[in-house]
Amino acid sequence: MLLIRCPYCEEERPELEFRNAGEAHIARSPNIAGESDDDFEKFFFIRSNPKGIIYERWRHMHGCARFFNAVRDTVSDRFLMTYKAGEPKPTKLPGAAK
Amino acid sequence: MIAAFRIPGAGRLKQAETTRFSFDGRSYAGVEGDTLASALLANGVHLVGRSFKYHRPRGFLSAGAEEPNALVEIKRDAARKTPNVRATVQELYDGLTAQSQNRWPSLAFDVSAVGDIASPLLSAGFYYKTFMWPKSAWKNLYEPKIRAAAGLGVAPDQPDPDHYAARFAHCDVLVLGGGAAGIAAALAAAETGVRVILADEQADFGGSLHFESGAKVDGQDGFAWAQGAVATLKAMDNVRVLSRTTAFGYYAQNFVGLVERVSDHLPNPDRELPRERLWQVRARRVVLATGAIERHMVFADNDRPGIMLASAARTYLNHYGVAVGRNVGVYTANDSAYAAAIDLKKAGVGVAAIVDLRDNPTGPVIDEARALGIEVNFGRAVIRAGGKLRVSSMTVQPKNGGGERTIPVDAILMSAGWTPSVHLFSQSRGKVVFNDETKRFVPGIYAQDCVSVGACNGTDGLSATIDEAYAAGAKAAKDAGANTVKGTKPKVDASESWSRGMLGAAPGAGPDTTVKAFVDFQNDVTAKDIRQAVHEGMRSIEHVKRFTTNGMATDQGKTSNMHGLAIAAETLGKPIPQVGLTTFRAPYTPVTFGSIVGHARGKLFDPTRKTAIHPWAEAQGAVFEDVGQWKRAWYFPKPGEDMHAAVDRECVTVRKTAGLFDASTLGKIEVVGPDAAKFMELLYTNPWEKLEPGRCRYGIMLREDGFIYDDGVVGRLAPDRFHVTTTTGGAPRVMNHMEDYLQTEFPHLNVWLTSITEQWAVIAVQGPKSREIIAPLVEGIDMSDEALPHMSVREGRICGVPARLFRMSFTGERGFEVNVPADYGEAVWEALWAEGQKHGACAYGTEAMHVLRAEKGYIIVGQDTDGTVTPGDAGLDWAVGKKKTDFVGIRGMARPDLVAKGRKQLVGLKTKDPKVVLEEGAQIVGDPKQAIPMTMIGHVTSSYWSENCGRSIALALVAGGRDRMGETLYVPMPNGTIEVEVTGMVFFDEKGERLNG
Ligand SMILES: [Zn+2]
């Protein structure tokens with residue numbers, strides 16, 4: 001069971017309290033109705049499945065109920081950092097150099 | 001009276017025989033502190049089981065958790081039968097009843113042992129080759145036969161009457177393994193004051209100090225020192241000491257699963273006690289002190305009862321005071337077996353000879369063995385064991401060939417060396433590295449905050465072990481935040497040291513031989529099987545493992561993995577690291593389902609949700625159905641009525657007078673805030689901005705892909721307040737879906753979402769008399785059709801209780817849904833029921849609700865839709881706001897395939913024979929005479945007998961359905977094909993006049 005730091009509650013809580021919500025930083029277009037089929041395909045269907053660093057959404061379901069973003073290494077399952085929804089994709093990751 | 005093989009004065013147990021037990025119906029005596037294994041051995045019993053595949057007689061290989069052979073059934077009573085218990089870890093208690101397994105008719109004479117004679121047929125990969133064809137034979141012939149012939153124990157056939165506890169714990173330093181290393185690490189960490197948990201699988205701490213007679217620490221015998229040190233630890237407030245506790249799984253971020261066996265060792269456990277307790281521990285630092293496991297020698301017939309690991313024989317002697325024979329032989333490639341020979345000789349047991357594969361080993365143990373007069377042979381191999389139900393001899397030959405000599409023995413103690421127990425380290429995703437000099441895999445790259453110490457780290461010798469462990473324990477505490485406090489490191493006064501040993505098959509069991517030299521005892525895998533797997537093309541150790549099943553039994557290859565790997569590497573002509581070690585997985589030793597399940601069984605498996613009106617329905621004799629976690633009243637049978645009669649009566653009564661229905665389980669969400677209408681516009685297909693307060697609208701929610709996700713009636717209570725209803729099953733996911741968009745896509749909207757499902761009880765009153773039933777109880781709401789038309793909502797009071805009164809209908813009749821605070825739900829229901837009785841109304845359940853809505857063609861999301869149905873497919877285009885520029889699903893709905901012709905559309909079906917009721921899920925075809933497999937053009941989604949229509953009715957998804965009105969289609973069923981006509985979806989009151997009737 002993973003330990004996940006909720007950026008709103010500002011503490012590490014057990015995975016049982018959270019629910020994964022898929023890849024992060026996939027923006028829904030404000031003009032979604034006007035999107036081409038290709039753009040909609042990219043937005044809705046295409047997801048990265050990296051061996052390594054993934055940016056993903058989690059929800060502190062049985063806590064503050066907030067959605068937030070996390071950076072996780074899919075090989076080690078280690079969380080490099082978590083941050084609030086709406087904050088930019090981090091460019092520097094703590095402890096990523098290994 | 002003392003058992004024949006118990007040596008007076010030897011061992012640590014009080015030798016008074018106070019404990020009676022039985023094995024295979026025979027009664028024996030044991031002493032307090034025995035295991036089942038030590039007690040049987042004290043009575044001279046070695047034969048305890050039959051092997052898995054060949055049904056060969058088997059005895060005890062080990063004295064611990066690695067035991068592959070001695071699996072027995074322990075029976076307390078009819079329900080408390082545990083199969084596959086390792087006799088070497090089962091503590092003896094008075095009255096213990098054990099039985100051997102996998103033998104028929106008896107242990108000494110097993111007819112299936114012909115499997116041994118016919119063994120060429122059962123060679124490596126036999127599962128894959130022999131049982132390939134024909135397919136049907138698997139089900140009828142092979143599987144039952146294999147299960148019957150080659151099995152472990154029999155699973156109990158009654159529910160487990162015991163209970164199991166579970167605890168979560170946190171600590172700074174978790175020490176796994178309570179031998180010298182674990183104790184030293186725990187002492188160092190505990191002295192700093194941090195929270196320490198020390199766990200060991202055995203009843204007593206000490207690990208290898210159980211048998212190492214040469215160890216002295218702080219001036220005491222090693223085992224005695226261990227007991228004193230553990231007593232010191234137990235007395236400390238910051239330390240928790242868990243014995244009989246196995247760490248079985250090492251998970252992410254230092255999360256470790258342990259099972260504590262609380263009462264399996266007690267003669268009459270207090271039933272208040274759990275049988276086992278699952279500990280889920282999160283530790284800042286973990287110290288792995290899991291020791292090492294001795295390997296056997298791989299030679300012909302090395303599985304005969306009486307042949308065992310040297311350390312096991314030593315444990316039985318030095319701890320339990322039991323001699324494993326009267327005249328033992330020793331076969332070794334390593335010093336540690338000498339210590340066993342020396343201890344036994346000193347205890348008065350005859351040692352026929354030591355056979356050492358090494359050419360010219362030197363050292364104090366060898367000198368001591370010689371000094372005791374033990375015959376020592378170097379450069380020789382035991383090429384064969386004699387005897388069947390018990391070993392009777394060992395045949396010795398120079399390892400490079402030459403004259404054979406057969407020595408009579410009644411036990412053979414063997415040691416090929418020690419394998420570090422890296423199981424938990426490997427589970428932690430650490431990478432092991434191969435030390436070519438010592439031929440061991442040891443921890444290399446760590447993936448978690450843990451450290452390995454002692455034998456599991458490849459550290460030899462007690463002094464080095466305690467130095468390493470003590471330093472590691474102190475460092476772990478410091479890393480976990482301790483301020484360093486200087487303690488006193490235990491001082492090692494005397495210790496034993498072991499050399500390396502060998503891997504793979506011994507001479508006499510080499511590539512040119514066909515003997516049965518067992519590598520994996522539990523799965524009956526021989527050296528020859530491993531070679532055969534390589535010859536048949538297996539290259540990776542993972543393939544060899546699966547092909548031969550080496551290491552795949554419940555012991556997970558604790559004694560066999562390294563031998564198997566070495567033989568595969570030798571056959572492949574590759575170095576061992578290139579062939580690789582198989583992955584270790586949890587659990588380290590078998591774990592009961594009970595301990596994992598804990599309290600989550602029976603009624604506690606899943607929460608049961610009941611509405612406020614549930615007690616009333618129960619008192620009325622309602623039959624309930626499960627809808628998600630909810631218990632819902634399904635129908636209310638009167639005396640003598642079956643379900644069919646009750647549902648027909650309920651359906652007719654609702655349309656004739658009225659019916660009351662408990663709709664409390666409907667999901668309810670309040671959407672509140674200045675931007676509530678904007679939010680609703682984005683989450684539902686419908687337009688909301690112009691919906692006036694006090695009015696309702698049927699809303700459809702899509703996913704971004706354009707498919708229907710949920711539906712429900714939404715009332716606008718105020719410009720900034722919507723009362724949204726969802727399907728019963730959809731409530732949590734709709735709430736999640738709304739929160740997701742509100743928090744992450746539309747955070748600029750000023751809206752709050754609140755689940756109010758549990759807060760409001762909902763009573764639907766439907767039927768021509770519904771207004772008359774409700775009106776007398778209502779205050780402050782004008783109930784005339786003008787003031788409260790269909791699809792409107794008002795707040796007021798009913799029975800003096802605050803109420804939200806919806807005028808809406810899921811039956812097609814004039815209808816209302818009364819929402820009152822859940823605490824008043826039952827009282828208001830009772831009052832409405834009393835009013836209803838005056839008019840002849842009934843209570844109706846979910847089945848009648850389904851029929852009534854189907855008569856009107858109202859869909860149920862999740863029944864008539866399946867996640868691939870668009871509003872257009874469902875005939876709900878009218879509910880999609882045509883002028884809207886955005887809502888969730890707007891783009892998905894426009895995808896080429898979702899607007900293509902020929903999509904499956906919801907239609908009605910009428911069977912040509914009105915009495916025939918279709919089966920829900922039945923497939924529909926256009927031409928019943930076409931060849932099989934037929935082209936299926938749709939399926940039935942809802943189907944009922946409608947008493948109101950006097951015929952069966954059905955809804956179906958049919959390709960191009962709305963263009964097929966009046967067409968005849970066919971539903972092929974096992975008993976013949978049913979003709980149906982495609983119709984509209986409304987079967988009753990097509991004009992909808994009854995909404996105001
Ligand atoms: Zn939180």
# chains A, B, ... in the order shown; residues from 1 in each chain; ligands from 1
call {"tool": "interface_residues", "arguments": {"of": "chain B", "to": "chain A", "cutoff": "9 Å", "atoms": "only C-alpha atoms", "output": "ChimeraX atom specification"}}
result
/B:251-255,429,447,704-705,736,739-740,743-745,747,885-887,889-892,894-896
call {"tool": "write_last_selection", "arguments": {"atoms": "N, CA, C and O atoms", "output": "short mmCIF file (atom, residue, chain, number, x, y, z; two decimals), in the first residue's frame"}}
result
data_model
loop_
_atom_site.label_atom_id
_atom_site.label_comp_id
_atom_site.auth_asym_id
_atom_site.auth_seq_id
_atom_site.Cartn_x
_atom_site.Cartn_y
_atom_site.Cartn_z
N TYR B 251 5.79 -4.74 0.89
CA TYR B 251 5.13 -3.97 -0.15
C TYR B 251 5.74 -2.57 -0.22
O TYR B 251 6.70 -2.26 0.48
N ALA B 252 5.15 -1.74 -1.07
CA ALA B 252 5.73 -0.43 -1.36
C ALA B 252 5.86 0.43 -0.10
O ALA B 252 5.06 0.35 0.82
N GLN B 253 6.86 1.25 -0.11
CA GLN B 253 7.10 2.24 0.94
C GLN B 253 7.10 1.63 2.35
O GLN B 253 6.41 2.08 3.24
N ASN B 254 7.90 0.59 2.49
CA ASN B 254 8.09 -0.05 3.80
C ASN B 254 6.78 -0.44 4.47
O ASN B 254 6.59 -0.22 5.65
N PHE B 255 5.91 -0.99 3.69
CA PHE B 255 4.66 -1.52 4.23
C PHE B 255 4.80 -3.04 4.25
O PHE B 255 5.01 -3.66 3.20
N ARG B 429 11.62 -5.24 -3.96
CA ARG B 429 12.10 -4.84 -5.29
C ARG B 429 13.59 -4.54 -5.31
O ARG B 429 14.09 -3.90 -6.23
N ALA B 447 15.84 -0.91 -3.07
CA ALA B 447 14.78 -0.07 -3.63
C ALA B 447 14.01 0.66 -2.54
O ALA B 447 13.27 1.58 -2.82
N GLU B 704 -17.57 12.21 -21.58
CA GLU B 704 -16.97 13.00 -22.66
C GLU B 704 -17.06 12.25 -23.99
O GLU B 704 -17.02 12.86 -25.06
N ASP B 705 -17.20 10.92 -23.95
CA ASP B 705 -17.27 10.14 -25.20
C ASP B 705 -18.63 10.23 -25.89
O ASP B 705 -18.81 9.70 -26.98
N ASN B 736 -18.79 11.90 -8.17
CA ASN B 736 -17.36 11.96 -8.49
C ASN B 736 -17.13 12.69 -9.81
O ASN B 736 -16.24 13.53 -9.94
N GLU B 739 -17.73 16.39 -9.28
CA GLU B 739 -16.62 16.98 -8.53
C GLU B 739 -15.39 17.13 -9.42
O GLU B 739 -14.66 18.12 -9.36
N ASP B 740 -15.14 16.10 -10.21
CA ASP B 740 -13.97 16.10 -11.08
C ASP B 740 -14.01 17.33 -12.00
O ASP B 740 -13.07 18.12 -12.06
N GLN B 743 -13.78 20.66 -9.97
CA GLN B 743 -12.47 20.97 -9.38
C GLN B 743 -11.39 21.18 -10.42
O GLN B 743 -10.45 21.94 -10.19
N THR B 744 -11.49 20.46 -11.56
CA THR B 744 -10.33 20.46 -12.45
C THR B 744 -10.57 21.12 -13.81
O THR B 744 -9.63 21.64 -14.40
N GLU B 745 -11.78 21.09 -14.33
CA GLU B 745 -12.02 21.69 -15.65
C GLU B 745 -12.74 23.04 -15.54
O GLU B 745 -12.50 23.93 -16.34
N PRO B 747 -13.00 25.12 -12.61
CA PRO B 747 -12.81 25.63 -11.23
C PRO B 747 -13.22 27.09 -11.09
O PRO B 747 -13.37 27.56 -9.96
N THR B 885 -23.30 25.35 -26.89
CA THR B 885 -21.99 25.26 -27.53
C THR B 885 -21.03 24.38 -26.74
O THR B 885 -19.97 24.03 -27.21
N ASP B 886 -21.43 24.06 -25.52
CA ASP B 886 -20.55 23.18 -24.74
C ASP B 886 -21.35 22.43 -23.69
O ASP B 886 -22.25 22.98 -23.05
N PHE B 887 -21.08 21.17 -23.56
CA PHE B 887 -21.43 20.35 -22.40
C PHE B 887 -20.59 19.09 -22.50
O PHE B 887 -20.07 18.78 -23.58
N GLY B 889 -19.53 15.82 -23.35
CA GLY B 889 -20.04 14.83 -24.30
C GLY B 889 -20.43 15.43 -25.63
O GLY B 889 -20.72 14.71 -26.58
N ILE B 890 -20.42 16.77 -25.73
CA ILE B 890 -20.92 17.41 -26.96
C ILE B 890 -20.07 17.00 -28.17
O ILE B 890 -20.59 16.74 -29.25
N ARG B 891 -18.75 16.91 -27.93
CA ARG B 891 -17.87 16.56 -29.05
C ARG B 891 -17.88 15.06 -29.31
O ARG B 891 -17.89 14.61 -30.45
N GLY B 892 -17.90 14.29 -28.21
CA GLY B 892 -17.94 12.83 -28.35
C GLY B 892 -19.14 12.37 -29.15
O GLY B 892 -19.05 11.49 -30.02
N ALA B 894 -20.51 13.73 -31.52
CA ALA B 894 -20.41 14.05 -32.95
C ALA B 894 -19.38 13.18 -33.66
O ALA B 894 -19.09 13.39 -34.83
N ARG B 895 -18.82 12.22 -32.96
CA ARG B 895 -17.82 11.36 -33.62
C ARG B 895 -18.47 10.59 -34.76
O ARG B 895 -19.66 10.24 -34.68
N PRO B 896 -17.70 10.32 -35.84
CA PRO B 896 -18.29 9.73 -37.04
C PRO B 896 -19.13 8.49 -36.75
O PRO B 896 -20.25 8.35 -37.27
#
call {"tool": "residues_near_ligand", "arguments": {"ligand": "ligand 1", "cutoff": "7 Å", "atoms": "only C-alpha atoms and all ligand atoms", "output": "tab-separated table (two decimals) with all heavy atoms, in the first residue's frame"}}
result
chain	number	residue	atom	x	y	z
A	6	CYS	N	-1.11	14.24	0.36
A	6	CYS	CA	-2.16	15.08	-0.20
A	6	CYS	C	-1.70	16.53	-0.08
A	6	CYS	O	-1.40	17.01	1.02
A	6	CYS	CB	-3.47	14.90	0.55
A	6	CYS	SG	-4.72	16.09	0.02
A	7	PRO	N	-1.61	17.25	-1.21
A	7	PRO	CA	-1.10	18.63	-1.13
A	7	PRO	C	-2.09	19.58	-0.46
A	7	PRO	O	-1.70	20.70	-0.11
A	7	PRO	CB	-0.88	19.00	-2.60
A	7	PRO	CG	-1.78	18.10	-3.37
A	7	PRO	CD	-1.93	16.83	-2.57
A	8	TYR	N	-3.33	19.16	-0.30
A	8	TYR	CA	-4.30	20.02	0.40
A	8	TYR	C	-4.26	19.74	1.90
A	8	TYR	O	-4.20	20.65	2.72
A	8	TYR	CB	-5.71	19.79	-0.15
A	8	TYR	CG	-5.84	20.24	-1.58
A	8	TYR	CD1	-5.69	19.34	-2.64
A	8	TYR	CD2	-6.07	21.58	-1.90
A	8	TYR	CE1	-5.78	19.75	-3.96
A	8	TYR	CE2	-6.16	22.01	-3.22
A	8	TYR	CZ	-6.02	21.09	-4.24
A	8	TYR	OH	-6.11	21.50	-5.54
A	9	CYS	N	-4.26	18.45	2.27
A	9	CYS	CA	-4.19	18.09	3.70
A	9	CYS	C	-2.77	18.25	4.22
A	9	CYS	O	-2.56	18.29	5.43
A	9	CYS	CB	-4.65	16.65	3.90
A	9	CYS	SG	-6.38	16.41	3.46
A	60	HIS	N	-8.25	12.58	-3.22
A	60	HIS	CA	-8.23	12.19	-1.81
A	60	HIS	C	-9.67	11.89	-1.39
A	60	HIS	O	-10.29	12.61	-0.62
A	60	HIS	CB	-7.63	13.32	-0.96
A	60	HIS	CG	-7.26	12.87	0.41
A	60	HIS	ND1	-6.79	13.72	1.37
A	60	HIS	CD2	-7.28	11.63	0.99
A	60	HIS	CE1	-6.55	13.05	2.49
A	60	HIS	NE2	-6.85	11.78	2.28
A	63	GLY	N	-10.87	11.62	2.26
A	63	GLY	CA	-10.20	12.62	3.06
A	63	GLY	C	-10.85	13.95	2.72
A	63	GLY	O	-12.05	14.13	2.89
A	64	CYS	N	-10.07	14.84	2.12
A	64	CYS	CA	-10.60	16.16	1.78
A	64	CYS	C	-11.38	16.13	0.47
A	64	CYS	O	-11.99	17.12	0.10
A	64	CYS	CB	-9.46	17.16	1.67
A	64	CYS	SG	-8.32	16.76	0.33
A	65	ALA	N	-11.33	15.01	-0.27
A	65	ALA	CA	-12.09	14.82	-1.51
A	65	ALA	C	-11.58	15.68	-2.67
A	65	ALA	O	-12.24	15.81	-3.69
A	65	ALA	CB	-13.59	15.04	-1.30
A	66	ARG	N	-10.39	16.26	-2.50
A	66	ARG	CA	-9.85	17.09	-3.57
A	66	ARG	C	-9.10	16.27	-4.61
A	66	ARG	O	-8.45	15.28	-4.29
A	66	ARG	CB	-8.88	18.15	-2.99
A	66	ARG	CG	-9.50	19.07	-1.95
A	66	ARG	CD	-10.59	19.95	-2.50
A	66	ARG	NE	-10.11	20.92	-3.48
A	66	ARG	CZ	-9.72	22.15	-3.18
A	66	ARG	NH1	-9.74	22.58	-1.93
A	66	ARG	NH2	-9.32	22.97	-4.13
call {"tool": "closest_residue", "arguments": {"among": "B:Asn84, B:Thr35, B:Ser393, B:Thr465", "to": "Leu96 of chain B", "atoms": "only C-alpha atoms"}}
result
B:Thr35
call {"tool": "residues_around", "arguments": {"residues": "Asp77 of chain B", "least_positions_apart": "4", "cutoff": "12 Å", "atoms": "only C-alpha atoms", "output": "ChimeraX atom specification"}}
result
/B:73,81-82,95-98,156-158,160-162,268
call {"tool": "select_by_dssp", "arguments": {"residues": "segment 18-93 of chain A", "states": "strand (DSSP E or B)", "output": "PyMOL selection string"}}
result
chain A and resi 19-23+53-59+67-73+79-84
call {"tool": "write_last_selection", "arguments": {"atoms": "C-alpha atoms", "output": "compact mmCIF listing (two decimals), in the first residue's frame"}}
result
# COMPACT_ATOMS: atom_id res chain seq x y z
CA ARG A 19 -8.37 6.94 -5.90
CA ASN A 20 -6.35 7.23 -9.08
CA ALA A 21 -7.98 9.38 -11.74
CA GLY A 22 -5.83 8.88 -14.82
CA GLU A 23 -3.23 10.95 -16.55
CA ILE A 53 7.90 9.11 -14.71
CA ILE A 54 4.18 9.61 -15.06
CA TYR A 55 2.08 12.68 -14.25
CA GLU A 56 -1.26 11.57 -12.96
CA ARG A 57 -4.35 12.71 -11.15
CA TRP A 58 -5.42 11.39 -7.78
CA ARG A 59 -8.38 12.17 -5.59
CA PHE A 67 -8.35 16.17 -6.91
CA PHE A 68 -4.62 16.80 -7.20
CA ASN A 69 -1.68 15.86 -9.38
CA ALA A 70 1.20 13.55 -8.64
CA VAL A 71 4.47 12.57 -10.24
CA ARG A 72 5.15 8.87 -9.83
CA ASP A 73 7.83 6.53 -11.07
CA PHE A 79 5.94 9.33 -5.61
CA LEU A 80 8.37 12.10 -6.51
CA MET A 81 5.95 14.88 -5.64
CA THR A 82 2.32 15.88 -5.47
CA TYR A 83 0.84 19.29 -6.19
CA LYS A 84 -2.49 21.01 -6.38
call {"tool": "residues_around", "arguments": {"residues": "Leu288 of chain B", "least_positions_apart": "6", "cutoff": "12 Å", "atoms": "only C-alpha atoms", "output": "ChimeraX atom specification"}}
result
/B:173-179,181-186,198-200,247,250,254,256,420-428,430,443,446,448-457,468-469,472-473,476
call {"tool": "atom_distance", "arguments": {"atom1": "atom CA of Val365 of chain B", "atom2": "atom CA of Thr332 of chain B"}}
result
12.9 Å
call {"tool": "atom_distance", "arguments": {"atom1": "atom CA of Asp237 of chain B", "atom2": "atom CA of Ala482 of chain B"}}
result
15.5 Å
call {"tool": "atom_distance", "arguments": {"atom1": "atom CA of His839 of chain B", "atom2": "atom CA of Tyr944 of chain B"}}
result
27.2 Å
call {"tool": "closest_residue", "arguments": {"among": "A:Leu93, A:Thr74, A:Asp38, A:Ile26", "to": "Gly52 of chain A", "atoms": "only C-alpha atoms"}}
result
A:Thr74
call {"tool": "decode", "arguments": {"residues": "segment 27-81 of chain B", "atoms": "C-alpha atoms", "output": "mmCIF file, in the first residue's frame"}}
result
data_model
loop_
_atom_site.group_PDB
_atom_site.id
_atom_site.type_symbol
_atom_site.label_atom_id
_atom_site.label_comp_id
_atom_site.auth_asym_id
_atom_site.auth_seq_id
_atom_site.Cartn_x
_atom_site.Cartn_y
_atom_site.Cartn_z
ATOM 1 C CA SER B 27 -1.327 -42.157 20.067
ATOM 2 C CA TYR B 28 2.034 -40.785 21.140
ATOM 3 C CA ALA B 29 3.506 -38.725 23.947
ATOM 4 C CA GLY B 30 5.486 -35.528 23.588
ATOM 5 C CA VAL B 31 6.870 -32.882 25.861
ATOM 6 C CA GLU B 32 6.052 -29.227 26.326
ATOM 7 C CA GLY B 33 7.848 -27.150 23.720
ATOM 8 C CA ASP B 34 7.940 -29.872 21.075
ATOM 9 C CA THR B 35 6.907 -29.361 17.525
ATOM 10 C CA LEU B 36 4.869 -32.124 15.935
ATOM 11 C CA ALA B 37 8.064 -33.019 14.055
ATOM 12 C CA SER B 38 10.299 -33.255 17.113
ATOM 13 C CA ALA B 39 7.687 -35.269 18.998
ATOM 14 C CA LEU B 40 7.282 -37.749 16.124
ATOM 15 C CA LEU B 41 11.051 -38.069 15.743
ATOM 16 C CA ALA B 42 11.367 -38.677 19.486
ATOM 17 C CA ASN B 43 9.064 -41.620 18.921
ATOM 18 C CA GLY B 44 11.150 -42.829 15.994
ATOM 19 C CA VAL B 45 8.602 -41.802 13.355
ATOM 20 C CA HIS B 46 10.220 -40.521 10.164
ATOM 21 C CA LEU B 47 7.707 -41.553 7.505
ATOM 22 C CA VAL B 48 5.054 -38.811 7.512
ATOM 23 C CA GLY B 49 3.957 -38.170 3.957
ATOM 24 C CA ARG B 50 3.841 -39.152 0.325
ATOM 25 C CA SER B 51 5.227 -36.972 -2.395
ATOM 26 C CA PHE B 52 3.081 -34.944 -4.775
ATOM 27 C CA LYS B 53 3.734 -36.622 -8.096
ATOM 28 C CA TYR B 54 5.353 -39.999 -7.487
ATOM 29 C CA HIS B 55 3.817 -40.729 -4.089
ATOM 30 C CA ARG B 56 7.256 -41.544 -2.733
ATOM 31 C CA PRO B 57 7.536 -41.999 1.009
ATOM 32 C CA ARG B 58 8.832 -38.866 2.688
ATOM 33 C CA GLY B 59 10.100 -37.797 6.069
ATOM 34 C CA PHE B 60 11.337 -34.572 7.612
ATOM 35 C CA LEU B 61 13.888 -32.606 5.618
ATOM 36 C CA SER B 62 14.128 -29.649 7.948
ATOM 37 C CA ALA B 63 13.241 -28.311 11.362
ATOM 38 C CA GLY B 64 11.678 -25.110 10.144
ATOM 39 C CA ALA B 65 9.541 -23.076 7.757
ATOM 40 C CA GLU B 66 11.364 -24.319 4.654
ATOM 41 C CA GLU B 67 9.961 -27.846 5.069
ATOM 42 C CA PRO B 68 8.830 -29.297 1.720
ATOM 43 C CA ASN B 69 7.860 -32.844 2.754
ATOM 44 C CA ALA B 70 6.245 -33.148 6.144
ATOM 45 C CA LEU B 71 2.845 -31.657 5.375
ATOM 46 C CA VAL B 72 0.001 -32.965 7.518
ATOM 47 C CA GLU B 73 -3.590 -32.204 8.286
ATOM 48 C CA ILE B 74 -4.316 -30.888 11.783
ATOM 49 C CA LYS B 75 -7.849 -31.504 12.904
ATOM 50 C CA ARG B 76 -9.446 -29.903 15.945
ATOM 51 C CA ASP B 77 -13.053 -30.628 15.033
ATOM 52 C CA ALA B 78 -15.226 -31.096 11.953
ATOM 53 C CA ALA B 79 -14.861 -27.486 10.863
ATOM 54 C CA ARG B 80 -11.366 -26.855 12.153
ATOM 55 C CA LYS B 81 -9.302 -28.919 9.762
#
